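Chemist: What follows is coords.pdb, PDB, C-alpha atoms and all ligand atoms.
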ATOM      1  CA  MET A   1       0.000   0.000   0.000  1.00  0.00           C
ATOM      2  CA  ALA A   2       1.434   3.380  -1.006  1.00  0.00           C
ATOM      3  CA  LYS A   3       1.931   6.001   1.652  1.00  0.00           C
ATOM      4  CA  LYS A   4       0.320   9.394   1.345  1.00  0.00           C
ATOM      5  CA  GLY A   5       3.740  11.084   1.146  1.00  0.00           C
ATOM      6  CA  GLU A   6       4.825   8.979  -1.832  1.00  0.00           C
ATOM      7  CA  LEU A   7       1.708   9.824  -3.749  1.00  0.00           C
ATOM      8  CA  SER A   8       2.119  13.573  -3.344  1.00  0.00           C
ATOM      9  CA  LYS A   9       5.800  13.307  -4.311  1.00  0.00           C
ATOM     10  CA  THR A  10       4.804  11.716  -7.617  1.00  0.00           C
ATOM     11  CA  ALA A  11       2.157  14.345  -8.210  1.00  0.00           C
ATOM     12  CA  ARG A  12       4.662  17.117  -7.571  1.00  0.00           C
ATOM     13  CA  ALA A  13       7.188  15.556  -9.978  1.00  0.00           C
ATOM     14  CA  SER A  14       4.659  15.408 -12.804  1.00  0.00           C
ATOM     15  CA  LEU A  15       3.659  19.004 -12.097  1.00  0.00           C
ATOM     16  CA  ALA A  16       7.275  20.168 -12.322  1.00  0.00           C
ATOM     17  CA  GLN A  17       7.701  18.321 -15.587  1.00  0.00           C
ATOM     18  CA  ARG A  18       4.674  20.047 -17.053  1.00  0.00           C
ATOM     19  CA  ASP A  19       6.046  23.431 -15.935  1.00  0.00           C
ATOM     20  CA  ASP A  20       9.378  22.693 -17.639  1.00  0.00           C
ATOM     21  CA  GLN A  21       7.729  22.351 -21.004  1.00  0.00           C
ATOM     22  CA  ASN A  22       5.442  25.291 -20.548  1.00  0.00           C
ATOM     23  CA  PHE A  23       7.427  28.106 -18.959  1.00  0.00           C
ATOM     24  CA  LEU A  24       7.193  31.680 -20.132  1.00  0.00           C
ATOM     25  CA  THR A  25      10.118  32.711 -22.342  1.00  0.00           C
ATOM     26  CA  SER A  26      11.481  36.237 -22.631  1.00  0.00           C
ATOM     27  CA  ARG A  27      10.469  36.297 -26.300  1.00  0.00           C
ATOM     28  CA  ILE A  28       7.790  38.706 -27.412  1.00  0.00           C
ATOM     29  CA  CYS A  29       5.437  37.804 -30.255  1.00  0.00           C
ATOM     30  CA  GLU A  30       5.942  40.049 -33.296  1.00  0.00           C
ATOM     31  CA  LYS A  31       2.276  39.746 -34.095  1.00  0.00           C
ATOM     32  CA  CYS A  32       0.520  40.529 -30.814  1.00  0.00           C
ATOM     33  CA  GLY A  33       3.325  41.872 -28.577  1.00  0.00           C
ATOM     34  CA  GLU A  34       2.626  39.350 -25.780  1.00  0.00           C
ATOM     35  CA  PRO A  35       5.270  37.121 -24.108  1.00  0.00           C
ATOM     36  CA  ILE A  36       5.415  33.610 -25.557  1.00  0.00           C
ATOM     37  CA  MET A  37       5.207  30.316 -23.657  1.00  0.00           C
ATOM     38  CA  LEU A  38       7.895  27.782 -24.654  1.00  0.00           C
ATOM     39  CA  LYS A  39       5.285  25.438 -26.107  1.00  0.00           C
ATOM     40  CA  GLU A  40       3.972  28.235 -28.319  1.00  0.00           C
ATOM     41  CA  LEU A  41       7.354  29.613 -29.400  1.00  0.00           C
ATOM     42  CA  GLN A  42       7.860  29.788 -33.169  1.00  0.00           C
ATOM     43  CA  PRO A  43      11.292  31.224 -34.089  1.00  0.00           C
ATOM     44  CA  VAL A  44      11.465  32.665 -37.600  1.00  0.00           C
ATOM     45  CA  LYS A  45      14.642  33.757 -39.355  1.00  0.00           C
ATOM     46  CA  VAL A  46      14.277  37.167 -40.951  1.00  0.00           C
ATOM     47  CA  LEU A  47      16.772  38.188 -43.639  1.00  0.00           C
ATOM     48  CA  GLY A  48      19.008  41.084 -42.548  1.00  0.00           C
ATOM     49  CA  GLN A  49      17.270  41.273 -39.185  1.00  0.00           C
ATOM     50  CA  GLY A  50      18.105  38.057 -37.340  1.00  0.00           C
ATOM     51  CA  MET A  51      15.388  36.137 -35.529  1.00  0.00           C
ATOM     52  CA  ALA A  52      11.772  37.034 -34.968  1.00  0.00           C
ATOM     53  CA  TYR A  53       9.454  35.162 -32.617  1.00  0.00           C
ATOM     54  CA  TYR A  54       5.760  34.396 -32.847  1.00  0.00           C
ATOM     55  CA  HIS A  55       3.124  32.356 -31.066  1.00  0.00           C
ATOM     56  CA  LYS A  56       2.793  29.249 -33.245  1.00  0.00           C
ATOM     57  CA  SER A  57      -0.899  29.906 -33.727  1.00  0.00           C
ATOM     58  CA  HIS A  58      -0.289  33.557 -34.673  1.00  0.00           C
ATOM     59  CA  TYR A  59       2.496  32.699 -37.138  1.00  0.00           C
ATOM     60  CA  ASN A  60       0.383  30.084 -38.887  1.00  0.00           C
ATOM     61  CA  ALA A  61      -2.488  32.546 -39.082  1.00  0.00           C
ATOM     62  CA  GLY A  62      -0.214  34.835 -41.078  1.00  0.00           C
TER      63      GLY A  62
HETATM   64 ZN    ZN A 101       1.102  36.282 -30.537  1.00  0.00          ZN
END
Take the structure I supplied and represent it as structure tokens, if you would.
Ligand SMILES: [Zn+2]

Modeler:
Amino acid sequence: MAKKGELSKTARASLAQRDDQNFLTSRICEKCGEPIMLKELQPVKVLGQGMAYYHKSHYNAG
């Protein structure tokens, strides 16, 4: 039988893992000007300008 402490430890570990993949980056979306979550980050190379960053959904929307 699992102890209560072991259960909450597992829950916390899975929470931390989710946070890792979904933290807020310092990138700002060129389209809407809002900060971009890592999961939504779409880097785009712009000639003569370097990199630009978009939310994936905003980039695909054009
Ligand atoms: Zn955006």

Chemist: Using all atoms listed in the file, find each residue with an atom at most 6 Å away from ligand ZN 101 (chain A) and format the answer as a ChimeraX atom specification.

Modeler: /A:29,31-32,34,54-55,58

Chemist: State, in Å with one decimal place, the distance from atom CA of A:Asn22 to atom CA of A:Gly50.

Modeler: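 One can read the atom CA of A:Asn22 to atom CA of A:Gly50 distance as 24.6 Å.
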
Chemist: Suppose you want the space between atom CA of A:Asn60 and atom CA of A:Pro35; what is it in Å?

Modeler: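 Result for atom CA of A:Asn60 versus atom CA of A:Pro35: 17.1 Å, one decimal.
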
Chemist: Can you measure atom CA of A:Gln49 to atom CA of A:Ile36 for me? One decimal in Å is fine.

Modeler: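 Computing it gives 19.6 Å between the two atoms.
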
Chemist: Evaluated on this file, the PyMOL selection byres (((chain A and resi 38) around 9) and not hetatm) picks out some residues - which ones are they, written as a PyMOL selection string?

Modeler: chain A and resi 20-25+36-37+39-42

Chemist: Need the axis-aligned box for stretch 48-59 of chain A with 3 Å each side, so what are the centre and edges in Å to one decimal, as JSON?

Modeler:
{"center_x": 9.1, "center_y": 35.3, "center_z": -36.8, "size_x": 25.9, "size_y": 18.0, "size_z": 17.5}
